[in-house]
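J.: Got a structure for you, questions after.
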Amino acid sequence: SAVISQKPSRDICQRGTSLTIQCQVDSQVTMMFWYRQQPGQSLTLIATANQGSEATYESGFVIDKFPISRPNLTFSTLTVSNMSPEDSSIYLCSGEGTEKNTEAFFGQGTRLTVV
Amino acid sequence: GQQLNQSPQSMFIQEGEDVSMNCTSSSIFNTWLWYKQDPGEGPVLLIALYKAGELTSNGRLTAQFGITRKDSFLNISASIPSDVGIYFCAGRRRDMRFGAGTRLTVKP
């Protein structure tokens with residue numbers, strides 16, 4: 001099965017700065033997604049990363065705060081902009097194809113702490 | 001909305017015991033998925049279910065897609081210490097929604 005490499009695996013950032021998280025898949029995938037997971041909580045979908053066009057954001061998430069790029073079918077980035085302590089969380093990317101039995105698989109996550 | 005209610009929130013069991021957890025929703029889903037997440041890792045897919053009534057096994061794990069398409073359960077038989085982790089159900093229509101997770105602790 002496909003593998004997602006996500007980096008950085010963790011970071012501690014100053015408030016007001018921005019962090020870009022990268023996801024690289026070892027094969028082409030149709031869909032890529034970005035999730036946020038508060039410690040001990042479930043996964044909340046931030047946005048769908050669309051190849052060659054603007055990402056589709058879920059309610060409560062906006063492009064200015066979480067700009068996303070997806071230049072090709074194997075790579076995507078999520079930027080957490082102008083960070084505040086409330087942004088401290090785990091950020092996960094996932095990929096999936098459209099064929100049956102190619103369900104969503106995840107990177108190992110980025111644990112972000114904003115101080 | 002597409003809210004998933006997963007229960008129980010946590011379980012503390014003895015090694016060798018069987019485990020059962022479930023997810024229910026007021027919405028119909030086309031696919032039910034079960035993931036396991038270990039600390040510091042992303043969720044890993046355990047079982048995918050595509051048809052109402054479908055019963056699928058993966059080793060000691062068995063999951064079923066409810067007839068109404070609004071629920072699913074996951075059973076783990078003869079638990080072992082490495083079963084420890086958080087188990088998430090997920091339902092898909094256009095996109096995927098996750099349950100709150102079941103935190104499993106297995107005492108040797």
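So you can find residues: chains in the structure tokens are A, B, ... in the order shown, residues in each start at 1, and ligands are numbered from 1 in order.
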If you take only C-alpha atoms and a cut-off of 9 Å, which residues of chain A touch chain B, and what are their nearest atom pairs and distances in Å to one decimal, in chain and number order, as JSON lines?
T.:
{"residue": "A:Ser9", "atom": "CA", "partner": "B:Gly40", "partner_atom": "CA", "distance": 8.8}
{"residue": "A:Gly40", "atom": "CA", "partner": "B:Gly101", "partner_atom": "CA", "distance": 8.6}
{"residue": "A:Gln41", "atom": "CA", "partner": "B:Ala100", "partner_atom": "CA", "distance": 6.2}
{"residue": "A:Ser42", "atom": "CA", "partner": "B:Ala100", "partner_atom": "CA", "distance": 4.7}
{"residue": "A:Leu43", "atom": "CA", "partner": "B:Phe98", "partner_atom": "CA", "distance": 6.2}
{"residue": "A:Thr44", "atom": "CA", "partner": "B:Phe98", "partner_atom": "CA", "distance": 7.6}
{"residue": "A:Leu45", "atom": "CA", "partner": "B:Arg97", "partner_atom": "CA", "distance": 7.9}
{"residue": "A:Leu92", "atom": "CA", "partner": "B:Gly42", "partner_atom": "CA", "distance": 7.0}
{"residue": "A:Cys93", "atom": "CA", "partner": "B:Gly42", "partner_atom": "CA", "distance": 8.8}
{"residue": "A:Lys100", "atom": "CA", "partner": "B:Tyr50", "partner_atom": "CA", "distance": 8.9}
{"residue": "A:Asn101", "atom": "CA", "partner": "B:Ala48", "partner_atom": "CA", "distance": 7.6}
{"residue": "A:Glu103", "atom": "CA", "partner": "B:Ala48", "partner_atom": "CA", "distance": 7.7}
{"residue": "A:Ala104", "atom": "CA", "partner": "B:Leu45", "partner_atom": "CA", "distance": 7.7}
{"residue": "A:Phe105", "atom": "CA", "partner": "B:Val44", "partner_atom": "CA", "distance": 6.6}
{"residue": "A:Phe106", "atom": "CA", "partner": "B:Gly42", "partner_atom": "CA", "distance": 5.5}
{"residue": "A:Gly107", "atom": "CA", "partner": "B:Gly42", "partner_atom": "CA", "distance": 5.6}
{"residue": "A:Gln108", "atom": "CA", "partner": "B:Gly42", "partner_atom": "CA", "distance": 4.2}
{"residue": "A:Gly109", "atom": "CA", "partner": "B:Gly42", "partner_atom": "CA", "distance": 5.7}
{"residue": "A:Thr110", "atom": "CA", "partner": "B:Gly40", "partner_atom": "CA", "distance": 8.8}
{"residue": "A:Arg111", "atom": "CA", "partner": "B:Gly40", "partner_atom": "CA", "distance": 8.2}
J.: Those residues you just picked out, can you put them in a file as an mmCIF file, in the first residue's frame with N, CA and C atoms?
T.:
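Written out: selection34.cif:
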data_model
loop_
_atom_site.group_PDB
_atom_site.id
_atom_site.type_symbol
_atom_site.label_atom_id
_atom_site.label_comp_id
_atom_site.auth_asym_id
_atom_site.auth_seq_id
_atom_site.Cartn_x
_atom_site.Cartn_y
_atom_site.Cartn_z
ATOM 1 N N SER A 9 7.836 16.113 11.891
ATOM 2 C CA SER A 9 7.015 15.265 12.756
ATOM 3 C C SER A 9 6.545 16.041 13.978
ATOM 4 N N GLY A 40 -6.009 13.475 22.195
ATOM 5 C CA GLY A 40 -7.069 12.664 22.761
ATOM 6 C C GLY A 40 -8.420 12.823 22.094
ATOM 7 N N GLN A 41 -8.455 13.544 20.992
ATOM 8 C CA GLN A 41 -9.728 13.807 20.321
ATOM 9 C C GLN A 41 -9.780 13.135 18.953
ATOM 10 N N SER A 42 -10.901 13.320 18.293
ATOM 11 C CA SER A 42 -11.087 12.749 16.962
ATOM 12 C C SER A 42 -10.430 13.632 15.904
ATOM 13 N N LEU A 43 -10.547 13.211 14.668
ATOM 14 C CA LEU A 43 -9.988 13.954 13.543
ATOM 15 C C LEU A 43 -11.052 14.878 12.969
ATOM 16 N N THR A 44 -10.666 16.102 12.705
ATOM 17 C CA THR A 44 -11.549 17.083 12.091
ATOM 18 C C THR A 44 -10.973 17.477 10.744
ATOM 19 N N LEU A 45 -11.776 17.347 9.710
ATOM 20 C CA LEU A 45 -11.309 17.674 8.368
ATOM 21 C C LEU A 45 -11.155 19.181 8.210
ATOM 22 N N LEU A 92 -2.653 16.134 10.360
ATOM 23 C CA LEU A 92 -2.475 14.895 9.608
ATOM 24 C C LEU A 92 -2.869 15.098 8.157
ATOM 25 N N CYS A 93 -2.089 14.550 7.256
ATOM 26 C CA CYS A 93 -2.527 14.515 5.876
ATOM 27 C C CYS A 93 -2.907 13.083 5.526
ATOM 28 N N LYS A 100 -12.113 1.045 -5.509
ATOM 29 C CA LYS A 100 -12.462 0.326 -4.287
ATOM 30 C C LYS A 100 -11.181 -0.245 -3.685
ATOM 31 N N ASN A 101 -11.182 -0.352 -2.365
ATOM 32 C CA ASN A 101 -10.025 -0.881 -1.632
ATOM 33 C C ASN A 101 -8.814 0.027 -1.686
ATOM 34 N N GLU A 103 -8.703 2.935 0.308
ATOM 35 C CA GLU A 103 -9.242 3.844 1.296
ATOM 36 C C GLU A 103 -8.157 4.770 1.834
ATOM 37 N N ALA A 104 -8.610 5.775 2.585
ATOM 38 C CA ALA A 104 -7.697 6.796 3.077
ATOM 39 C C ALA A 104 -6.596 6.204 3.947
ATOM 40 N N PHE A 105 -5.369 6.625 3.673
ATOM 41 C CA PHE A 105 -4.224 6.262 4.498
ATOM 42 C C PHE A 105 -3.571 7.567 4.946
ATOM 43 N N PHE A 106 -2.881 7.507 6.069
ATOM 44 C CA PHE A 106 -2.434 8.722 6.727
ATOM 45 C C PHE A 106 -0.920 8.801 6.875
ATOM 46 N N GLY A 107 -0.441 10.041 6.920
ATOM 47 C CA GLY A 107 0.911 10.291 7.379
ATOM 48 C C GLY A 107 0.966 10.124 8.889
ATOM 49 N N GLN A 108 2.165 10.229 9.446
ATOM 50 C CA GLN A 108 2.307 9.988 10.894
ATOM 51 C C GLN A 108 1.924 11.208 11.718
ATOM 52 N N GLY A 109 1.637 12.320 11.029
ATOM 53 C CA GLY A 109 1.183 13.492 11.763
ATOM 54 C C GLY A 109 2.304 14.455 12.122
ATOM 55 N N THR A 110 1.927 15.692 12.333
ATOM 56 C CA THR A 110 2.837 16.737 12.801
ATOM 57 C C THR A 110 2.283 17.288 14.101
ATOM 58 N N ARG A 111 3.039 17.111 15.155
ATOM 59 C CA ARG A 111 2.611 17.629 16.464
ATOM 60 C C ARG A 111 3.134 19.039 16.618
#
J.: Skip Ser79 of chain B itself and residues of its chain fewer than 2 positions away, then list as a ChimeraX atom specification all residues within 12 Å of it, counting only C-alpha atoms.
T.: /B:11-20,59-61,75-77,81-85,104-108
J.: If you keep C-alpha atoms, can you produce a file of those selected residues as an mmCIF file, in the first residue's frame?
T.:
data_model
loop_
_atom_site.group_PDB
_atom_site.id
_atom_site.type_symbol
_atom_site.label_atom_id
_atom_site.label_comp_id
_atom_site.auth_asym_id
_atom_site.auth_seq_id
_atom_site.Cartn_x
_atom_site.Cartn_y
_atom_site.Cartn_z
ATOM 1 C CA MET B 11 -12.226 0.237 27.797
ATOM 2 C CA PHE B 12 -9.933 -1.423 30.314
ATOM 3 C CA ILE B 13 -9.775 -5.161 29.746
ATOM 4 C CA GLN B 14 -7.699 -8.162 30.672
ATOM 5 C CA GLU B 15 -5.501 -9.830 28.097
ATOM 6 C CA GLY B 16 -7.428 -12.613 26.404
ATOM 7 C CA GLU B 17 -10.820 -10.950 26.721
ATOM 8 C CA ASP B 18 -12.973 -10.035 23.737
ATOM 9 C CA VAL B 19 -13.758 -6.407 22.918
ATOM 10 C CA SER B 20 -16.711 -4.835 21.183
ATOM 11 C CA GLY B 59 -7.352 -11.807 11.817
ATOM 12 C CA ARG B 60 -8.828 -11.412 15.284
ATOM 13 C CA LEU B 61 -10.863 -8.394 14.151
ATOM 14 C CA ASN B 75 -15.061 -6.869 17.617
ATOM 15 C CA ILE B 76 -11.588 -7.899 18.735
ATOM 16 C CA SER B 77 -11.255 -11.444 19.986
ATOM 17 C CA PRO B 81 -1.221 -6.141 24.804
ATOM 18 C CA SER B 82 -0.395 -4.749 21.355
ATOM 19 C CA ASP B 83 -4.115 -4.117 20.764
ATOM 20 C CA VAL B 84 -3.698 -1.066 22.982
ATOM 21 C CA GLY B 85 -4.505 2.135 21.150
ATOM 22 C CA LEU B 104 -8.434 0.532 24.595
ATOM 23 C CA THR B 105 -6.180 -0.519 27.457
ATOM 24 C CA VAL B 106 -5.208 -4.181 27.779
ATOM 25 C CA LYS B 107 -3.805 -5.401 31.078
ATOM 26 C CA PRO B 108 -1.409 -8.324 30.796
#
J.: Looking at only C-alpha atoms, which of A:Ser89, A:Asn82, A:Thr74, A:Gln37 is the one that sits closest to Val25 of chain A?
T.: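 When distances to Val25 of chain A are compared using only C-alpha atoms, the smallest one comes from A:Thr74.
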J.: I'd like the interatomic distance between atom CA of Ile63 of chain A and atom CA of Val3 of chain A, to a tenth of an Å.
T.: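 Computing the Euclidean distance for atom CA of Ile63 of chain A and atom CA of Val3 of chain A yields 26.7 Å.
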J.: Please extract the residues of chain B with a backbone DSSP assignment of strand (DSSP E) and present them as a VMD selection string.
T.: chain B and resid 4 to 7 10 to 14 19 to 25 31 to 37 44 to 49 55 to 58 61 to 65 71 to 76 85 to 92 96 to 98 102 to 107
J.: Closest to Asp87 of chain A among A:Val62, A:Ile4, A:Ile68, A:Leu112, using only C-alpha atoms?
T.: A:Leu112
J.: Which residue, B:Lys51, B:Arg94, B:Trp32, B:Thr62, has the smallest gap to Ala78 of chain B when you use only C-alpha atoms?
T.: B:Thr62
J.: Counting only C-alpha atoms, what is within 7 Å of Gln22 of chain A, bar same-chain residues fewer than 3 positions away, as a list of chain:residue names?
T.: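 Neighbouring residues, sequence-local ones excluded: A:Gln6, A:Lys7, A:Ser76, A:Thr77, A:Leu78.
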J.: Residues of the last selection are to be written out with N, CA, C and O atoms, as a compact mmCIF listing (two decimals), in the first residue's frame.
T.:
# COMPACT_ATOMS: atom_id res chain seq x y z
N GLN A 6 5.36 12.57 6.10
CA GLN A 6 4.92 13.90 6.54
C GLN A 6 6.04 14.52 7.36
O GLN A 6 6.60 13.87 8.25
N LYS A 7 6.32 15.79 7.10
CA LYS A 7 7.33 16.45 7.92
C LYS A 7 7.04 17.93 8.07
O LYS A 7 6.40 18.53 7.19
N SER A 76 1.59 17.65 -1.21
CA SER A 76 0.74 18.74 -0.74
C SER A 76 1.39 19.41 0.46
O SER A 76 2.17 18.77 1.19
N THR A 77 1.10 20.67 0.66
CA THR A 77 1.55 21.38 1.85
C THR A 77 0.37 22.08 2.52
O THR A 77 -0.58 22.50 1.85
N LEU A 78 0.46 22.16 3.83
CA LEU A 78 -0.48 22.93 4.64
C LEU A 78 0.33 23.94 5.44
O LEU A 78 1.31 23.56 6.09
J.: For Val29 of chain A, find every residue with an atom within 9 Å (counting only C-alpha atoms), except residues of its own chain fewer than 2 positions away, and show them as a short mmCIF file (atom, residue, chain, number, x, y, z; two decimals) with N, CA, C and O atoms, in the first residue's frame.
T.:
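out.cif was written with the following content:
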data_model
loop_
_atom_site.label_atom_id
_atom_site.label_comp_id
_atom_site.auth_asym_id
_atom_site.auth_seq_id
_atom_site.Cartn_x
_atom_site.Cartn_y
_atom_site.Cartn_z
N ALA A 2 0.29 2.36 -0.41
CA ALA A 2 1.03 3.61 -0.52
C ALA A 2 1.46 4.12 0.85
O ALA A 2 0.85 3.81 1.87
N VAL A 25 3.62 11.57 -1.02
CA VAL A 25 3.12 10.20 -1.19
C VAL A 25 4.02 9.49 -2.18
O VAL A 25 4.51 10.10 -3.14
N SER A 27 3.22 7.31 -4.28
CA SER A 27 2.54 7.00 -5.54
C SER A 27 1.45 8.03 -5.74
O SER A 27 1.06 8.74 -4.80
N MET A 31 -7.04 11.89 -4.30
CA MET A 31 -7.48 12.85 -3.29
C MET A 31 -6.43 12.96 -2.19
O MET A 31 -5.80 11.98 -1.80
N MET A 32 -6.27 14.18 -1.70
CA MET A 32 -5.48 14.40 -0.49
C MET A 32 -6.25 15.30 0.44
O MET A 32 -6.96 16.22 -0.03
N LEU A 73 0.09 15.17 -8.10
CA LEU A 73 -0.71 14.10 -7.50
C LEU A 73 0.00 13.36 -6.38
O LEU A 73 -0.52 12.39 -5.83
N THR A 74 1.21 13.79 -6.01
CA THR A 74 1.93 13.10 -4.94
C THR A 74 2.35 14.01 -3.79
O THR A 74 2.96 13.55 -2.84
N GLY A 95 -4.24 10.47 2.02
CA GLY A 95 -4.44 10.33 0.58
C GLY A 95 -5.34 9.16 0.30
O GLY A 95 -5.45 8.24 1.11
N GLU A 96 -6.04 9.21 -0.81
CA GLU A 96 -6.85 8.07 -1.23
C GLU A 96 -7.08 8.12 -2.72
O GLU A 96 -7.05 9.18 -3.35
N GLY A 97 -7.33 6.93 -3.30
CA GLY A 97 -7.67 6.85 -4.71
C GLY A 97 -9.16 6.71 -4.86
O GLY A 97 -9.91 6.77 -3.88
N THR A 98 -9.63 6.53 -6.04
CA THR A 98 -11.07 6.41 -6.28
C THR A 98 -11.50 4.97 -6.46
O THR A 98 -12.68 4.66 -6.39
#
